[in-house]
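Q: To be precise about what I am sending: the file is called entry19.cif and holds mmCIF, C-alpha atoms.
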```cif
data_work
loop_
_atom_site.label_atom_id
_atom_site.label_comp_id
_atom_site.auth_asym_id
_atom_site.auth_seq_id
_atom_site.Cartn_x
_atom_site.Cartn_y
_atom_site.Cartn_z
CA MET D 44 -28.06 30.91 -3.42
CA LEU D 45 -27.96 34.21 -5.34
CA ASP D 46 -27.63 36.08 -2.06
CA LEU D 47 -24.67 34.10 -0.90
CA PRO D 48 -21.31 35.87 -0.80
CA ASP D 49 -18.67 34.87 -3.32
CA GLU D 50 -16.61 33.05 -0.73
CA GLN D 51 -19.48 30.75 0.22
CA LEU D 52 -20.27 30.12 -3.43
CA MET D 53 -16.67 29.10 -4.02
CA GLN D 54 -16.76 26.86 -0.98
CA SER D 55 -19.95 25.31 -2.27
CA TYR D 56 -18.28 24.68 -5.62
CA ILE D 57 -15.32 23.05 -3.86
CA ASN D 58 -17.85 20.74 -2.21
CA GLY D 59 -19.15 19.76 -5.64
CA ASN D 60 -21.88 22.28 -6.40
CA THR D 61 -21.46 23.27 -10.04
CA LYS D 62 -24.35 25.70 -9.86
CA ALA D 63 -22.41 27.80 -7.35
CA PHE D 64 -19.55 28.12 -9.82
CA GLU D 65 -21.94 29.19 -12.55
CA LEU D 66 -23.19 32.00 -10.33
CA LEU D 67 -19.65 33.08 -9.54
CA TYR D 68 -18.72 32.99 -13.18
CA GLN D 69 -21.73 35.03 -14.28
CA LYS D 70 -20.94 37.62 -11.64
CA HIS D 71 -17.26 38.08 -12.43
CA LYS D 72 -16.84 37.16 -16.06
CA GLU D 73 -17.50 40.60 -17.60
CA PRO D 74 -15.31 42.69 -15.29
CA LEU D 75 -12.50 40.17 -15.58
CA HIS D 76 -12.84 40.06 -19.35
CA ARG D 77 -12.67 43.84 -19.58
CA TYR D 78 -9.73 43.98 -17.21
CA LEU D 79 -7.80 41.59 -19.46
CA ILE D 80 -8.83 43.40 -22.64
CA ARG D 81 -7.74 46.74 -21.23
CA GLN D 82 -4.48 45.28 -20.05
CA CYS D 83 -3.37 43.24 -23.05
CA GLN D 84 -5.32 45.27 -25.61
CA THR D 85 -6.06 42.37 -27.94
CA ARG D 86 -9.34 40.52 -27.78
CA ALA D 87 -7.97 37.13 -28.85
CA ILE D 88 -5.18 37.21 -26.29
CA ALA D 89 -7.54 38.54 -23.64
CA GLU D 90 -9.92 35.63 -24.22
CA GLU D 91 -7.07 33.18 -24.01
CA LEU D 92 -5.91 34.68 -20.73
CA PHE D 93 -9.50 34.82 -19.52
CA GLN D 94 -9.88 31.10 -20.11
CA ASP D 95 -6.52 30.37 -18.45
CA THR D 96 -7.56 32.36 -15.41
CA TRP D 97 -10.79 30.45 -14.89
CA ILE D 98 -9.14 27.10 -15.52
CA LYS D 99 -6.59 27.94 -12.88
CA VAL D 100 -9.36 28.90 -10.46
CA ILE D 101 -11.05 25.56 -11.15
CA ASN D 102 -7.92 23.43 -10.88
CA ALA D 103 -6.60 25.18 -7.78
CA LYS D 104 -9.93 25.16 -5.99
CA GLN D 105 -8.63 22.93 -3.21
CA ARG D 106 -6.05 25.57 -2.32
CA TYR D 107 -8.63 28.32 -2.01
CA GLN D 108 -9.11 29.56 1.53
CA SER D 109 -12.50 31.00 2.29
CA SER D 110 -10.87 33.66 4.47
CA ALA D 111 -9.62 35.33 1.28
CA LYS D 112 -11.98 37.53 -0.70
CA PHE D 113 -12.89 35.75 -3.92
CA SER D 114 -12.52 38.80 -6.18
CA THR D 115 -9.03 39.42 -4.77
CA TYR D 116 -8.19 35.74 -5.34
CA LEU D 117 -9.54 35.85 -8.90
CA TYR D 118 -7.70 39.02 -9.93
CA HIS D 119 -4.54 37.85 -8.22
CA ILE D 120 -4.55 34.82 -10.52
CA ALA D 121 -5.40 36.96 -13.53
CA HIS D 122 -2.60 39.40 -12.66
CA HIS D 123 -0.01 36.60 -12.54
CA ILE D 124 -1.25 35.10 -15.78
CA LEU D 125 -0.95 38.52 -17.37
CA ILE D 126 2.59 38.99 -16.00
CA ASP D 127 3.56 35.57 -17.36
CA HIS D 128 2.11 36.60 -20.69
CA TYR D 129 4.16 39.81 -20.68
CA ARG D 130 7.28 37.83 -19.91
CA THR D 131 6.81 35.31 -22.69
CA HIS D 132 5.74 37.81 -25.32
CA SER D 133 7.40 40.87 -26.61
CA LYS D 134 6.01 44.10 -25.27
CA ASN D 135 5.87 45.54 -28.77
CA VAL D 136 3.49 42.82 -29.82
CA LEU D 137 1.23 43.61 -26.89
CA ASN D 138 1.21 47.27 -27.66
CA SER D 139 -0.18 46.71 -31.11
CA TYR D 140 -3.74 47.16 -29.94
CA GLN D 141 -4.89 50.03 -32.03
CA SER D 142 -7.13 47.79 -34.09
CA HIS D 143 -8.83 46.58 -30.93
CA ASP D 144 -9.57 50.11 -29.83
CA ASP D 145 -11.16 50.71 -33.17
CA GLU D 146 -13.16 47.54 -32.68
CA ILE D 147 -14.46 48.75 -29.33
CA LEU D 148 -15.24 52.15 -30.74
CA ASP D 149 -17.11 50.54 -33.60
CA LYS D 150 -19.18 48.55 -31.15
CA LEU D 151 -19.93 51.60 -29.10
CA ALA D 152 -20.79 53.69 -32.10
CA VAL D 153 -24.43 54.28 -32.87
CA PRO D 154 -25.57 54.75 -36.49
CA SER D 155 -25.03 58.39 -37.48
CA ASN D 156 -28.66 58.95 -38.47
CA GLN D 157 -29.73 58.13 -34.87
CA GLN D 158 -27.22 60.33 -33.08
CA PRO D 159 -28.50 63.35 -31.33
CA ASP D 160 -25.86 65.98 -30.50
CA GLN D 161 -25.82 65.11 -26.83
CA GLN D 162 -25.19 61.45 -27.56
CA LEU D 163 -22.36 62.41 -29.90
CA ILE D 164 -20.66 64.39 -27.18
CA GLN D 165 -21.09 61.56 -24.69
CA ASP D 166 -19.65 59.02 -27.11
CA GLN D 167 -16.69 61.26 -27.78
CA LYS D 168 -16.08 61.45 -24.03
CA ILE D 169 -16.25 57.69 -23.68
CA ASN D 170 -13.84 57.17 -26.58
CA GLN D 171 -11.53 59.73 -25.11
CA LEU D 172 -11.63 58.01 -21.71
CA ILE D 173 -10.78 54.68 -23.28
CA ARG D 174 -7.84 56.18 -25.10
CA ILE D 175 -6.62 57.93 -21.95
CA VAL D 176 -6.85 54.74 -19.93
CA THR D 177 -5.16 52.78 -22.67
CA ASP D 178 -2.31 55.25 -22.78
CA LEU D 179 -1.70 55.07 -19.04
CA PRO D 180 1.44 53.29 -17.87
CA GLU D 181 0.72 49.63 -17.15
CA ALA D 182 0.87 49.76 -13.35
CA GLN D 183 -1.40 52.82 -13.21
CA ARG D 184 -3.76 51.39 -15.76
CA GLU D 185 -4.02 48.16 -13.82
CA ALA D 186 -4.75 49.97 -10.57
CA PHE D 187 -7.37 52.11 -12.32
CA ILE D 188 -9.11 49.12 -13.92
CA LEU D 189 -9.01 47.00 -10.76
CA LYS D 190 -10.70 49.82 -8.92
CA GLU D 191 -13.26 50.62 -11.58
CA GLU D 192 -13.99 47.14 -12.90
CA ALA D 193 -13.57 44.89 -9.88
CA GLY D 194 -14.36 47.50 -7.25
CA LEU D 195 -11.33 46.56 -5.21
CA SER D 196 -10.11 48.74 -2.35
CA LEU D 197 -6.58 50.13 -2.12
CA ASP D 198 -5.51 47.26 0.13
CA GLU D 199 -7.00 44.68 -2.17
CA ILE D 200 -5.35 46.19 -5.23
CA ALA D 201 -2.05 46.17 -3.35
CA GLU D 202 -2.57 42.49 -2.53
CA VAL D 203 -3.43 41.59 -6.11
CA THR D 204 -0.53 43.45 -7.65
CA GLY D 205 1.97 42.58 -4.96
CA SER D 206 2.68 46.16 -3.97
CA ASN D 207 1.87 48.39 -1.00
CA LYS D 208 -1.11 50.60 -0.35
CA GLN D 209 0.77 53.89 -0.76
CA ALA D 210 2.16 52.86 -4.10
CA VAL D 211 -1.33 51.93 -5.30
CA LYS D 212 -2.74 55.20 -4.06
CA SER D 213 0.01 57.10 -5.85
CA ARG D 214 -0.68 55.26 -9.10
CA LEU D 215 -4.38 55.95 -8.85
CA ARG D 216 -3.78 59.62 -8.14
CA TYR D 217 -1.60 59.87 -11.23
CA ALA D 218 -4.24 58.07 -13.34
CA PHE D 219 -7.02 60.27 -11.95
CA ASN D 220 -5.16 63.55 -12.57
CA LYS D 221 -4.18 62.59 -16.11
CA THR D 222 -7.68 61.45 -17.00
CA ARG D 223 -9.33 64.53 -15.55
CA THR D 224 -6.88 66.86 -17.27
CA GLU D 225 -7.33 65.26 -20.67
CA LEU D 226 -11.10 64.95 -20.37
CA GLY D 227 -11.32 68.57 -19.24
CA GLY D 228 -9.98 69.60 -22.64
CA ILE D 229 -13.05 68.12 -24.26
CA GLU D 230 -15.41 69.92 -21.97
CA MET Q 11 -22.51 80.59 -4.91
CA THR Q 12 -20.86 77.21 -5.20
CA MET Q 13 -17.63 76.35 -3.46
CA PRO Q 14 -14.80 75.42 -5.79
CA THR Q 15 -14.08 71.67 -5.53
CA GLN Q 16 -10.69 70.82 -4.16
CA PRO Q 17 -8.57 68.28 -6.04
CA GLU Q 18 -8.16 66.08 -2.91
CA ASP Q 19 -11.94 65.85 -2.48
CA ASP Q 20 -12.33 64.85 -6.11
CA PHE Q 21 -9.74 62.15 -5.67
CA ASP Q 22 -11.57 60.80 -2.62
CA ASP Q 23 -14.75 60.70 -4.70
CA PHE Q 24 -12.83 58.91 -7.38
CA LEU Q 25 -11.66 56.34 -4.84
CA GLN Q 26 -15.27 55.90 -3.76
CA GLN Q 27 -16.28 55.45 -7.43
CA GLN Q 28 -18.47 58.51 -7.18
CA SER Q 29 -16.54 60.82 -9.47
CA ASP Q 30 -17.55 61.88 -12.98
CA ILE Q 31 -14.72 59.76 -14.35
CA SER Q 32 -16.06 56.65 -12.65
CA GLN Q 33 -19.57 57.31 -13.95
CA LEU Q 34 -18.26 57.85 -17.44
CA TYR Q 35 -16.18 54.68 -17.24
CA GLN Q 36 -19.30 52.68 -16.35
CA GLN Q 37 -20.59 53.48 -19.81
CA THR Q 38 -17.60 51.80 -21.42
CA LYS Q 39 -18.54 48.39 -19.95
CA THR Q 40 -19.98 47.05 -23.13
CA THR Q 41 -17.75 44.15 -24.08
CA THR Q 42 -19.20 40.69 -23.66
CA VAL Q 43 -17.59 37.30 -23.23
CA PRO Q 44 -18.31 34.99 -26.19
CA LYS Q 45 -20.92 32.32 -25.45
CA SER Q 46 -18.59 29.58 -26.69
CA LEU Q 47 -16.05 30.60 -24.07
CA ASP Q 48 -18.73 30.56 -21.38
CA LYS Q 49 -19.77 27.05 -22.39
CA LYS Q 50 -16.21 25.79 -22.47
CA ILE Q 51 -15.28 27.12 -19.02
CA LEU Q 52 -18.51 25.90 -17.41
CA GLN Q 53 -17.97 22.47 -18.92
CA ILE Q 54 -14.44 22.31 -17.48
CA ALA Q 55 -15.79 23.38 -14.10
CA LYS Q 56 -18.42 20.64 -14.26
CA GLN Q 57 -15.87 17.97 -15.18
CA GLN Q 58 -13.69 18.91 -12.24
CA THR Q 59 -16.47 18.32 -9.74
CA GLN Q 60 -17.19 14.79 -10.97
CA PRO Q 61 -15.18 12.27 -9.00
CA VAL Q 62 -12.89 10.15 -11.13
CA VAL Q 63 -13.67 6.47 -10.54
CA LYS Q 64 -10.70 4.38 -11.44
CA LYS Q 65 -11.11 0.63 -11.51
CA THR Q 66 -8.10 -1.00 -10.04
CA SER Q 67 -7.55 -4.60 -9.16
CA ILE Q 68 -5.80 -5.80 -6.03
CA PHE Q 69 -2.78 -6.74 -8.10
CA ASP Q 70 -2.49 -3.25 -9.56
CA TRP Q 71 -2.76 -1.84 -6.09
CA LEU Q 72 -0.03 -4.15 -4.88
CA ASN Q 73 2.13 -3.46 -7.89
CA HIS Q 74 1.93 0.28 -7.75
CA HIS Q 75 1.80 1.05 -4.09
CA TRP Q 76 3.05 -1.86 -2.07
CA GLN Q 77 5.51 -3.72 -4.22
CA ALA Q 78 8.64 -2.10 -2.84
CA PRO Q 79 7.52 -2.02 0.83
CA LEU Q 80 6.41 -5.66 0.69
CA ALA Q 81 9.66 -6.77 -0.88
CA SER Q 82 11.63 -4.83 1.71
CA ALA Q 83 9.61 -6.30 4.56
CA PHE Q 84 10.11 -9.81 3.18
CA VAL Q 85 13.87 -9.34 2.92
CA ILE Q 86 14.05 -7.91 6.42
CA LEU Q 87 12.04 -10.82 7.84
CA MET Q 88 14.17 -13.39 6.08
CA SER Q 89 17.36 -11.73 7.26
CA ALA Q 90 16.10 -11.57 10.82
CA GLY Q 91 15.09 -15.22 10.70
CA LEU Q 92 18.52 -16.24 9.46
CA LEU Q 93 20.27 -14.14 12.10
CA ILE Q 94 18.22 -15.83 14.79
CA GLN Q 95 18.77 -19.35 13.44
CA ILE Q 96 22.50 -19.19 12.72
CA PRO Q 97 23.70 -18.88 16.35
CA GLU Q 98 21.50 -21.81 17.36
CA LEU Q 99 22.89 -24.01 14.62
CA THR Q 100 26.48 -23.15 15.33
CA SER Q 101 26.30 -23.32 19.12
CA GLU Q 102 28.18 -26.20 20.81
CA LYS Q 103 25.24 -26.98 23.02
CA SER Q 104 23.14 -28.22 20.17
CA PHE Q 105 25.89 -30.66 19.10
CA SER Q 106 26.80 -31.97 22.52
CA PRO Q 107 26.10 -35.68 22.97
CA GLY Q 108 24.38 -35.12 26.27
CA ASN Q 109 22.01 -32.66 24.76
CA MET Q 110 21.08 -35.01 21.98
CA MET Q 111 20.72 -37.97 24.28
CA SER Q 112 18.11 -36.10 26.18
CA GLU Q 113 15.85 -36.19 23.16
CA PRO Q 114 13.45 -39.12 23.48
CA VAL Q 115 13.63 -40.09 19.80
CA TYR Q 116 17.36 -40.64 19.85
CA GLU Q 117 17.20 -42.36 23.19
CA ALA Q 118 14.85 -44.90 21.72
CA GLU Q 119 17.13 -45.37 18.78
CA ALA Q 120 20.10 -45.82 21.06
CA ASP Q 121 18.25 -48.47 23.05
CA SER Q 122 17.32 -50.38 19.96
CA LEU Q 123 20.92 -50.16 18.76
CA LYS Q 124 22.14 -51.43 22.08
CA ASP Q 125 19.86 -54.44 21.79
CA GLN Q 126 20.88 -55.21 18.26
CA ILE Q 127 24.61 -54.65 18.65
CA THR Q 128 25.19 -58.12 20.09
CA SER Q 129 22.93 -59.89 17.61
CA PRO Q 130 24.41 -61.74 14.64
CA GLN Q 131 22.56 -59.47 12.18
CA LYS Q 132 25.46 -57.14 11.48
CA GLU Q 133 24.01 -56.05 8.17
CA GLN Q 134 20.99 -54.75 9.96
CA LYS Q 135 23.17 -52.89 12.39
CA LYS Q 136 25.11 -51.33 9.56
CA LYS Q 137 21.91 -50.15 7.97
CA GLN Q 138 20.79 -48.61 11.21
CA ASP Q 139 24.15 -46.97 11.64
CA THR Q 140 23.89 -45.52 8.18
CA VAL Q 141 20.42 -44.22 8.88
CA LEU Q 142 21.66 -42.65 12.07
CA MET Q 143 24.61 -41.13 10.29
CA LYS Q 144 22.35 -39.60 7.73
CA ARG Q 145 20.16 -38.07 10.38
CA LYS Q 146 22.83 -36.62 12.61
CA PRO Q 147 26.41 -37.84 12.23
CA GLU Q 148 27.67 -36.32 15.44
CA GLN Q 149 24.86 -37.77 17.42
CA ALA Q 150 25.41 -41.18 15.90
CA LEU Q 151 29.08 -40.93 16.71
CA SER Q 152 28.43 -40.28 20.36
CA LYS Q 153 25.98 -43.15 20.57
CA ALA Q 154 28.32 -45.50 18.82
CA VAL Q 155 31.10 -44.59 21.21
CA SER Q 156 28.91 -45.28 24.19
CA ILE Q 157 27.87 -48.64 22.76
CA GLU Q 158 31.47 -49.53 22.05
CA LYS Q 159 32.40 -48.73 25.61
CA THR Q 160 29.65 -51.01 26.83
CA ARG Q 161 30.91 -53.80 24.63
CA VAL Q 162 34.47 -53.37 25.83
CA ASN Q 163 33.33 -53.53 29.41
CA GLU Q 164 31.36 -56.68 28.72
CA ALA Q 165 34.35 -58.26 27.03
CA GLU Q 166 36.55 -57.46 29.97
CA GLU Q 167 34.14 -59.28 32.21
CA ILE Q 168 34.07 -62.33 29.97
CA GLN Q 169 37.75 -62.86 29.18
CA PRO Q 170 40.14 -64.13 31.86
CA PRO Q 171 42.55 -61.43 33.01
CA SER Q 172 45.57 -63.74 32.82
CA SER Q 173 45.23 -64.61 29.10
CA PRO Q 174 48.63 -63.83 27.58
CA GLN Q 175 47.43 -63.92 23.95
CA ARG Q 176 44.78 -61.28 24.38
CA ALA Q 177 45.72 -57.74 23.90
CA LYS Q 178 44.79 -55.17 26.45
CA PRO Q 179 41.47 -53.44 25.90
CA MET Q 180 41.71 -50.26 23.94
CA PRO Q 181 41.70 -47.17 26.10
CA SER Q 182 38.53 -45.17 26.05
CA GLU Q 183 40.25 -42.20 24.34
CA GLU Q 184 41.13 -44.41 21.39
CA LEU Q 185 37.68 -45.83 21.28
CA THR Q 186 36.18 -42.43 20.95
CA LEU Q 187 38.40 -41.83 17.94
CA GLN Q 188 37.62 -45.18 16.34
CA PRO Q 189 33.92 -45.90 16.52
CA ILE Q 190 32.75 -49.19 15.15
CA PHE Q 191 30.31 -47.88 12.62
CA GLN Q 192 33.16 -46.18 10.79
CA GLN Q 193 34.90 -49.53 10.11
CA PRO Q 194 32.27 -52.19 10.33
CA VAL Q 195 33.62 -54.49 7.63
CA LYS Q 196 37.16 -54.43 8.94
CA SER Q 197 35.94 -55.44 12.34
CA PHE Q 198 34.27 -58.55 10.99
CA GLY Q 199 36.81 -59.23 8.31
CA SER Q 200 39.60 -59.53 10.81
CA MET Q 201 37.75 -62.19 12.74
CA GLY Q 202 40.17 -64.59 14.31
CA ALA Q 203 43.27 -62.67 13.36
CA GLY Q 204 43.74 -61.25 16.84
CA VAL Q 205 44.85 -57.85 15.61
CA SER Q 206 43.06 -55.62 18.03
CA SER Q 207 41.18 -56.00 21.21
CA THR Q 208 37.97 -54.79 19.67
CA GLU Q 209 38.16 -57.35 16.90
CA ASP Q 210 38.84 -60.11 19.41
CA HIS Q 211 35.86 -59.15 21.41
CA SER Q 212 33.61 -59.13 18.42
CA GLU Q 213 34.99 -62.51 17.33
CA GLU Q 214 34.34 -63.87 20.74
CA GLN Q 215 30.84 -62.55 20.72
CA GLU Q 216 30.32 -63.90 17.23
CA SER Q 217 31.52 -67.30 18.34
CA LEU Q 218 29.05 -67.19 21.16
CA LYS Q 219 26.12 -66.57 18.86
CA VAL Q 220 27.08 -68.33 15.62
CA PRO Q 221 26.45 -72.08 15.55
CA LYS Q 222 29.50 -74.24 15.87
CA ASN Q 223 29.10 -76.03 12.55
CA VAL Q 224 29.00 -72.68 10.75
CA LEU Q 225 32.11 -71.54 12.51
CA GLN Q 226 33.84 -74.80 11.65
CA ALA Q 227 32.94 -74.46 7.98
CA ALA Q 228 34.10 -70.86 7.97
CA ASN Q 229 37.38 -71.73 9.70
CA GLU Q 230 37.96 -74.55 7.26
CA ILE Q 231 37.57 -72.23 4.29
CA LYS Q 232 39.73 -69.69 6.01
CA GLN Q 233 42.51 -72.17 6.60
CA LEU Q 234 42.42 -73.33 2.99
CA ILE Q 235 42.60 -69.78 1.70
CA LYS Q 236 45.37 -68.99 4.14
CA VAL Q 237 47.42 -71.94 2.93
CA GLY Q 238 46.67 -71.01 -0.69
CA LYS Q 239 44.49 -73.98 -1.58
CA LEU Q 240 41.92 -71.98 -3.43
CA LYS Q 241 40.73 -74.85 -5.67
CA GLN Q 242 39.81 -76.86 -2.61
CA ALA Q 243 38.26 -73.85 -0.95
CA LYS Q 244 35.91 -73.01 -3.84
CA PRO Q 245 33.51 -76.01 -3.50
CA LEU Q 246 33.46 -75.45 0.24
CA ILE Q 247 32.56 -71.82 -0.27
CA ARG Q 248 29.74 -72.83 -2.62
CA GLN Q 249 28.49 -75.35 -0.11
CA TYR Q 250 28.76 -72.78 2.69
CA LYS Q 251 26.71 -70.29 0.68
CA ARG Q 252 24.02 -72.86 0.07
CA SER Q 253 23.96 -74.18 3.65
CA TYR Q 254 24.34 -71.01 5.67
CA PRO Q 255 22.89 -68.10 3.74
CA ASN Q 256 22.35 -66.21 7.00
CA TYR Q 257 26.06 -66.25 7.81
CA LEU Q 258 27.46 -65.01 4.53
CA TYR Q 259 29.03 -62.06 6.27
CA LEU Q 260 31.54 -64.42 7.87
CA LEU Q 261 32.50 -65.69 4.44
CA LYS Q 262 32.79 -62.15 3.13
CA GLY Q 263 35.12 -61.35 5.99
CA ILE Q 264 37.32 -64.33 5.18
CA ILE Q 265 37.44 -63.69 1.44
CA GLY Q 266 37.99 -59.99 1.97
CA GLN Q 267 40.88 -60.74 4.25
#
```
Step by step, read the file and then write its structure as structure tokens.
A:
Amino acid sequence: MLDLPDEQLMQSYINGNTKAFELLYQKHKEPLHRYLIRQCQTRAIAEELFQDTWIKVINAKQRYQSSAKFSTYLYHIAHHILIDHYRTHSKNVLNSYQSHDDEILDKLAVPSNQQPDQQLIQDQKINQLIRIVTDLPEAQREAFILKEEAGLSLDEIAEVTGSNKQAVKSRLRYAFNKTRTELGGIE
Amino acid sequence: MTMPTQPEDDFDDFLQQQSDISQLYQQTKTTTVPKSLDKKILQIAKQQTQPVVKKTSIFDWLNHHWQAPLASAFVILMSAGLLIQIPELTSEKSFSPGNMMSEPVYEAEADSLKDQITSPQKEQKKKQDTVLMKRKPEQALSKAVSIEKTRVNEAEEIQPPSSPQRAKPMPSEELTLQPIFQQPVKSFGSMGAGVSSTEDHSEEQESLKVPKNVLQAANEIKQLIKVGKLKQAKPLIRQYKRSYPNYLYLLKGIIGQ
């Protein structure tokens, strides 16, 4: 069953196989969780949205068509839940995520007495990348994360976000150039 | 000597997740979903796959799903039944005497009435008339008219055509309007008065059936009452009642008159 594609696992779950859903969940939970954390910047809200996304996948299982790629279907739901969240909450509230960044950095940090110089440089790069991504405009950040986290193609990102391929490509180019420029300063 | 990398090539690598940025980003994937959240979501997923068995009785099923359709169907059926029945009830054919006479039950009743109409048991006839009226008044009317016609014809055969005192027989049109069962008492009460042809006929028939001594007693009482000698009539009436209990209807006719 592990070798089965996502679409067949979902179909199996629709037919009543709970184990198939567990496999799907294990496969997609971390990328989806990170996508939501990067987008809404607060762990508590991200977990709430994460739960809402999966519940919606479960409840709307009968409407799932196996012709659609499961990851596209999953992130499409997550995207709409996120948009609804943006609409119902003030943007300023969502932007107050500095504490979360610190939390992530704390998690990533290794005790100072164990840090070799090379590790220190690498950690600085990672922290810098997170800050750069976090500072990206929402649409570009979303396109970047969907590509990096979910591994979606340009077409799939366009489908998830409800835009066209060229627009997605343009957003990704902007995100790539900005990230490379800012990371180049470190090097 | 290495070739300088072009920005477009780097972007293509980035799209293929083969750029330095992509590799560096892979190292940021450290966050983990809380176990409690995992458990909660998997539990919800498990619950959704279990079929919900709801115990419902037949009455609940009827109440919730079929109450309105059943009621509508019932109303429609009843309405259709009424619409079909009403024209049959109101049609002239169903009330025509000929149509009713064709029914064997009423034919039998008519025959029995015909037999009993000439008998002295008028009370019995009245009862039968009443029963017939209750069943179907129009049908009874038609039968009574036909019987009356028969009686008139019989009377015509019996009485001499040159009798100056006898009135002419009532035309058939009048007979149809004045059936005997509608005025049975009057017919007998006016016995001997010679008011109408029908009454005369019935008197004549009565005289044919009733014993002579009874008729004499009845006429005697009648004469006394007519003259106004009620005191003398009373003992005769008592005696008549005792002697001829079967012919009390004659007495009732006299007293009523």
Q: On this structure, the PyMOL selection byres ((chain D) within 8 of (chain Q)) would catch which residues? List them as a PyMOL selection string, sorted by chain and number.
A: chain D and resi 56-57+59-61+64-65+72-73+76-77+90+94+97-98+101-102+147+151+168-169+172-173+190-191+216+219+222-223
Q: Save out the residues we just selected, C-alpha atoms, as an mmCIF file, in the coordinates of the input.
A:
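As a result, result34.cif now contains:
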```cif
data_model
loop_
_atom_site.group_PDB
_atom_site.id
_atom_site.type_symbol
_atom_site.label_atom_id
_atom_site.label_comp_id
_atom_site.auth_asym_id
_atom_site.auth_seq_id
_atom_site.Cartn_x
_atom_site.Cartn_y
_atom_site.Cartn_z
ATOM 1 C CA TYR D 56 -18.280 24.680 -5.620
ATOM 2 C CA ILE D 57 -15.320 23.050 -3.860
ATOM 3 C CA GLY D 59 -19.150 19.760 -5.640
ATOM 4 C CA ASN D 60 -21.880 22.280 -6.400
ATOM 5 C CA THR D 61 -21.460 23.270 -10.040
ATOM 6 C CA PHE D 64 -19.550 28.120 -9.820
ATOM 7 C CA GLU D 65 -21.940 29.190 -12.550
ATOM 8 C CA LYS D 72 -16.840 37.160 -16.060
ATOM 9 C CA GLU D 73 -17.500 40.600 -17.600
ATOM 10 C CA HIS D 76 -12.840 40.060 -19.350
ATOM 11 C CA ARG D 77 -12.670 43.840 -19.580
ATOM 12 C CA GLU D 90 -9.920 35.630 -24.220
ATOM 13 C CA GLN D 94 -9.880 31.100 -20.110
ATOM 14 C CA TRP D 97 -10.790 30.450 -14.890
ATOM 15 C CA ILE D 98 -9.140 27.100 -15.520
ATOM 16 C CA ILE D 101 -11.050 25.560 -11.150
ATOM 17 C CA ASN D 102 -7.920 23.430 -10.880
ATOM 18 C CA ILE D 147 -14.460 48.750 -29.330
ATOM 19 C CA LEU D 151 -19.930 51.600 -29.100
ATOM 20 C CA LYS D 168 -16.080 61.450 -24.030
ATOM 21 C CA ILE D 169 -16.250 57.690 -23.680
ATOM 22 C CA LEU D 172 -11.630 58.010 -21.710
ATOM 23 C CA ILE D 173 -10.780 54.680 -23.280
ATOM 24 C CA LYS D 190 -10.700 49.820 -8.920
ATOM 25 C CA GLU D 191 -13.260 50.620 -11.580
ATOM 26 C CA ARG D 216 -3.780 59.620 -8.140
ATOM 27 C CA PHE D 219 -7.020 60.270 -11.950
ATOM 28 C CA THR D 222 -7.680 61.450 -17.000
ATOM 29 C CA ARG D 223 -9.330 64.530 -15.550
#
```
Q: Might you pull out every residue within 9 Å of D:Ala182, with only C-alpha atoms counted and same-chain residues fewer than 3 positions away left off, and present them as a PyMOL selection string?
A: chain D and resi 179+185-187+204+211+214
Q: So the first atom is atom CA of D:Ile120 and the second is atom CA of D:Asp178; what is the distance between them in Å, to one decimal place?
A: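 A separation of 23.9 Å between them.
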Q: Find the residue from D:Leu215, D:Val203, D:Leu67, D:Met53 that sits nearest to D:His122; use all atoms listed in the file when measuring.
A: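 Closest to D:His122, using all atoms listed in the file: D:Val203.
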Q: Would you compute the distance between atom CA of D:Gln51 and atom CA of D:Asp95? Give it in Å to one decimal.
A: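 Atom CA of D:Asp95 lies at a distance of 22.7 Å from atom CA of D:Gln51.
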Q: Between atom CA of D:Leu52 and atom CA of D:Leu66, measure the distance and give it in Å to one decimal.
A: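 Value for the atom CA of D:Leu52-atom CA of D:Leu66 distance: 7.7 Å.
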Q: As JSON, please report the centre and edge lengths, rounded to one decimal in Å, of the axis-aligned box that holds all listed atoms of stretch 225-228 of chain Q with 6 Å of padding on each of the six sides.
A:
```
{"center_x": 33.1, "center_y": -72.8, "center_z": 10.2, "size_x": 14.0, "size_y": 15.9, "size_z": 16.5}
```
Q: Name the residues captured by the PyMOL selection byres ((chain D and resi 116) around 12) when it is applied to the shown file; answer as a PyMOL selection string.
A: chain D and resi 49-50+53+71+75+96-97+99-100+103-104+106-115+117-123+193+195+199-200+202-204
Q: Using only C-alpha atoms, find the one residue out of Q:Ile96, Q:Gly238, Q:Ala243, Q:Leu258 that sits nearest to Q:Leu225.
A: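 The answer is Q:Leu258, which sits nearest to Q:Leu225.
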Q: Carefully work through the PyMOL selection byres ((chain D and resi 83) around 9) for this structure and note down the residues it includes, as a PyMOL selection string.
A: chain D and resi 78-82+84-86+88-89+125+128-129+137-138+140
